[in-house]
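Participant: Before we start, here is the structure in question, set down as structure tokens.
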Amino acid sequence: MDDSRRAPLADSSLALLAKGYSWLPDRRRRTGGPLVRTRLMGRHAVALYGTDAVRFFYDEQHVERGSALPGPVLSTLFGHGAVHTLDGLSHRGRKEMFLSLLTGPKAVAGVVDEVAAVWEETVRTWPGRRVVLFDEASRVLTRGACRWAGIPLDDAGALARDLVAMVDGFATAGPRHWRARRARARSEAWLAGLVEDVREGNASAPDGSVLEAVVRHRDADGRLLDPRTAAVELLNVIRPTVAVCWFVSYAGHALRRPEVRERLRADDGAYAVAFAHELRRFYPFAPFVAGRAVTDLDWHGEPIPAGAMVLLDLYGQNHDPGIWDDPYAFRPERFLGHPPARDELIPQGGGDRATGHRCPGEDITVALLAALAPRLARLEYEVPEQDLRIPLTRVPARVRSGFTIDSVRAPVPVA
């Protein structure tokens with residue numbers, strides 16, 4: 001069959017901007033087939049969904065990710081030359097560095113301990129003032145992540161604003177996007193200078209730190225990363241850690257449910273982890289991920305021509321009634337005794353994180369939320385009148401008010 005006959009005529013770029021997270025799930029419900037076929041930015045695009053689609057999408061013989069990332073995303077979120085732009089052996093070699101830094105009990109505990117310590121320091125300053133949880137969490141995570149990574153830090157507030165801006169402006173045009181570009185340029189220049197200083201002996205990198213590992217890393221060709229690329233990869237460690245502030249503000253939103261808050265206050269590690277998983281499933285983060293078909297493909301009888309854009313619907317899968325019972329209900333207990341399968345819960349991508357593009361810091365995200373959410377639940381505070389809506393037309397979505405609390409008092413004792 002001539003694949004060109006399957007290519008749609010209408011472009012959905014404006015519909016995507018208008019509908020945001022709901023665009024793909026709505027298209028899927030209307031078409032009812034194994035994929036959604038459309039055009040984005042003039043290119044033939046197909047969208048897949050389901051656990052089988054996750055495995056198909058992350059098979060490098062089917063879809064490659066590096067060349068599919070648009071320039072505006074690289075200039076804001078990931079950075080040019082980042083591990084996300086690589087495929088094959090080059091990607092695996094760089095990815096091994098990230099896995100060594102971000103996975104395993106020691107690495108996870110190191111981040112959590114530093115962030116939890118900064119949280120405890122910061123919470124003591126909250127009584128008597130109104131707190132925007134999103135903003136406070138971004139500064140806490142920035143300070144904790146930089147302490148853990150061995151990155152010297154003078155102004156946590158300024159860096160936190162830049163790291164948040166990079167995430168907040170990657171999927172939009174206008175002021176948010178240009179703010180993200182400026183933030184990345186500033187941060188890359190600062191960290192590239194730090195890398196050069198360490199290599200020249202004008203600054204030190206703590207033994208075993210993230211900073212030392214990135215400064216000394218050699219790619220598959222045996223060469224050190226150039227200072228700007230090293231800066232990009234340092235940001236790709238601390239930026240996703242700071243992006244957990246989105247989920248911390250979502251945690252405040254979820255804790256308006258009294259039964260969830262009371263249970264989270266108890267010293268129950270299993271429930272805290274289940275809460276973290278449900279937070280990541282229920283609330284919007286990335287709507288989808290994209291790649292490029294490396295050859296002519298077939299998906300359940302539907303042709304996908306080489307070079308077509310291939311989308312994997314993350315938000316739709318995380319709310320798919322075929323996978324989740326009552327998907328639009330917030331129920332952490334769904335994960336008690338049932339940890340999510342690898343390709344089932346995919347807010348941060350799917351596939352094998354050792355060889356594919358799944359976020360290597362996913363364990364850190366879960367552990368941070370399992371540590372911070374109970375601490376938040378144990379605080380006594382009031383939630384003043386504010387705009388608590390989370391518009392799905394905004395990418396990335398966030399609580400409009402940032403989730404504001406006041407009249408903060410000492411934590412309640414652990415039951």
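Chain labels follow the order of the structure tokens: the first chain is A, the next B, and so on; residue numbering restarts at 1 in every chain, and ligands are counted from 1 in their shown order.
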Could you pull the residues within 6 Å of range 290-303 of chain A, counting only C-alpha atoms, minus those fewer than 4 positions along the same chain, as a short mmCIF file (atom, residue, chain, number, x, y, z; two decimals) with N, CA, C and O atoms, in the first residue's frame?

Facilitator:
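That gives us out22.cif:
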data_model
loop_
_atom_site.label_atom_id
_atom_site.label_comp_id
_atom_site.auth_asym_id
_atom_site.auth_seq_id
_atom_site.Cartn_x
_atom_site.Cartn_y
_atom_site.Cartn_z
N HIS A 62 13.06 0.91 15.61
CA HIS A 62 11.81 1.50 15.13
C HIS A 62 11.86 3.04 15.14
O HIS A 62 11.50 3.68 14.15
N VAL A 63 12.24 3.58 16.28
CA VAL A 63 12.12 5.03 16.50
C VAL A 63 13.42 5.55 17.09
O VAL A 63 13.98 4.95 18.00
N GLU A 64 13.93 6.65 16.54
CA GLU A 64 15.08 7.30 17.15
C GLU A 64 14.66 8.67 17.65
O GLU A 64 13.83 9.35 17.05
N ARG A 65 15.24 9.04 18.79
CA ARG A 65 14.79 10.24 19.48
C ARG A 65 15.65 11.47 19.20
O ARG A 65 15.17 12.60 19.19
N ALA A 68 14.86 13.99 16.48
CA ALA A 68 13.46 14.39 16.48
C ALA A 68 13.18 15.55 17.42
O ALA A 68 12.11 16.14 17.36
N GLY A 307 10.69 8.37 8.50
CA GLY A 307 10.78 9.81 8.66
C GLY A 307 9.58 10.45 9.32
O GLY A 307 9.63 11.63 9.68
N ALA A 308 8.48 9.68 9.48
CA ALA A 308 7.30 10.26 10.13
C ALA A 308 7.59 10.53 11.60
O ALA A 308 8.38 9.85 12.25
N MET A 309 6.94 11.55 12.14
CA MET A 309 7.02 11.82 13.56
C MET A 309 6.17 10.79 14.30
O MET A 309 5.02 10.53 13.91
N VAL A 310 6.72 10.18 15.34
CA VAL A 310 6.01 9.18 16.12
C VAL A 310 5.86 9.72 17.54
O VAL A 310 6.85 10.09 18.18
N LEU A 311 4.62 9.79 18.02
CA LEU A 311 4.34 10.30 19.35
C LEU A 311 3.89 9.15 20.25
O LEU A 311 3.18 8.25 19.81
#

Participant: Can you list every residue in range 214-333 of chain A that DSSP puts in strand (DSSP E or B), as a list of chain:residue names?

Facilitator: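 So the strand (DSSP E or B) residues in range 214-333 of chain A would be A:Arg218, A:Leu224, A:Phe288, A:Val289, A:Ala290, A:Gly291, A:Arg292, A:Ala293, A:Leu297, A:Asp298, A:Trp299, A:Glu302, A:Pro303, A:Ile304, A:Met309, A:Val310, A:Leu311, A:Leu312, A:Asp313.
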
Participant: Could you work out how far CA of Leu141 in chain A lies from CA of Ile346 in chain A, giving the answer in Å with one decimal?

Facilitator: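 Taking CA of Ile346 in chain A and CA of Leu141 in chain A, their separation equals 22.6 Å.
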
Participant: Tell me which of A:Arg39, A:Arg261, A:Arg378, A:Arg239 sits closest to Pro413 in chain A, counting only C-alpha atoms.

Facilitator: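 Using only C-alpha atoms, the shortest distance to Pro413 in chain A belongs to A:Arg378.
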
Participant: If we count only C-alpha atoms, what is near Leu345 in chain A at a cut-off of 7 Å, once residues fewer than 3 positions away on the same chain are taken out, given as a PyMOL selection string?

Facilitator: chain A and resi 281+318+340-342

Participant: One decimal, in Å: what's the spacing between CA of Tyr58 in chain A and CA of Gly350 in chain A?

Facilitator: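 Separation between CA of Tyr58 in chain A and CA of Gly350 in chain A: 7.3 Å.
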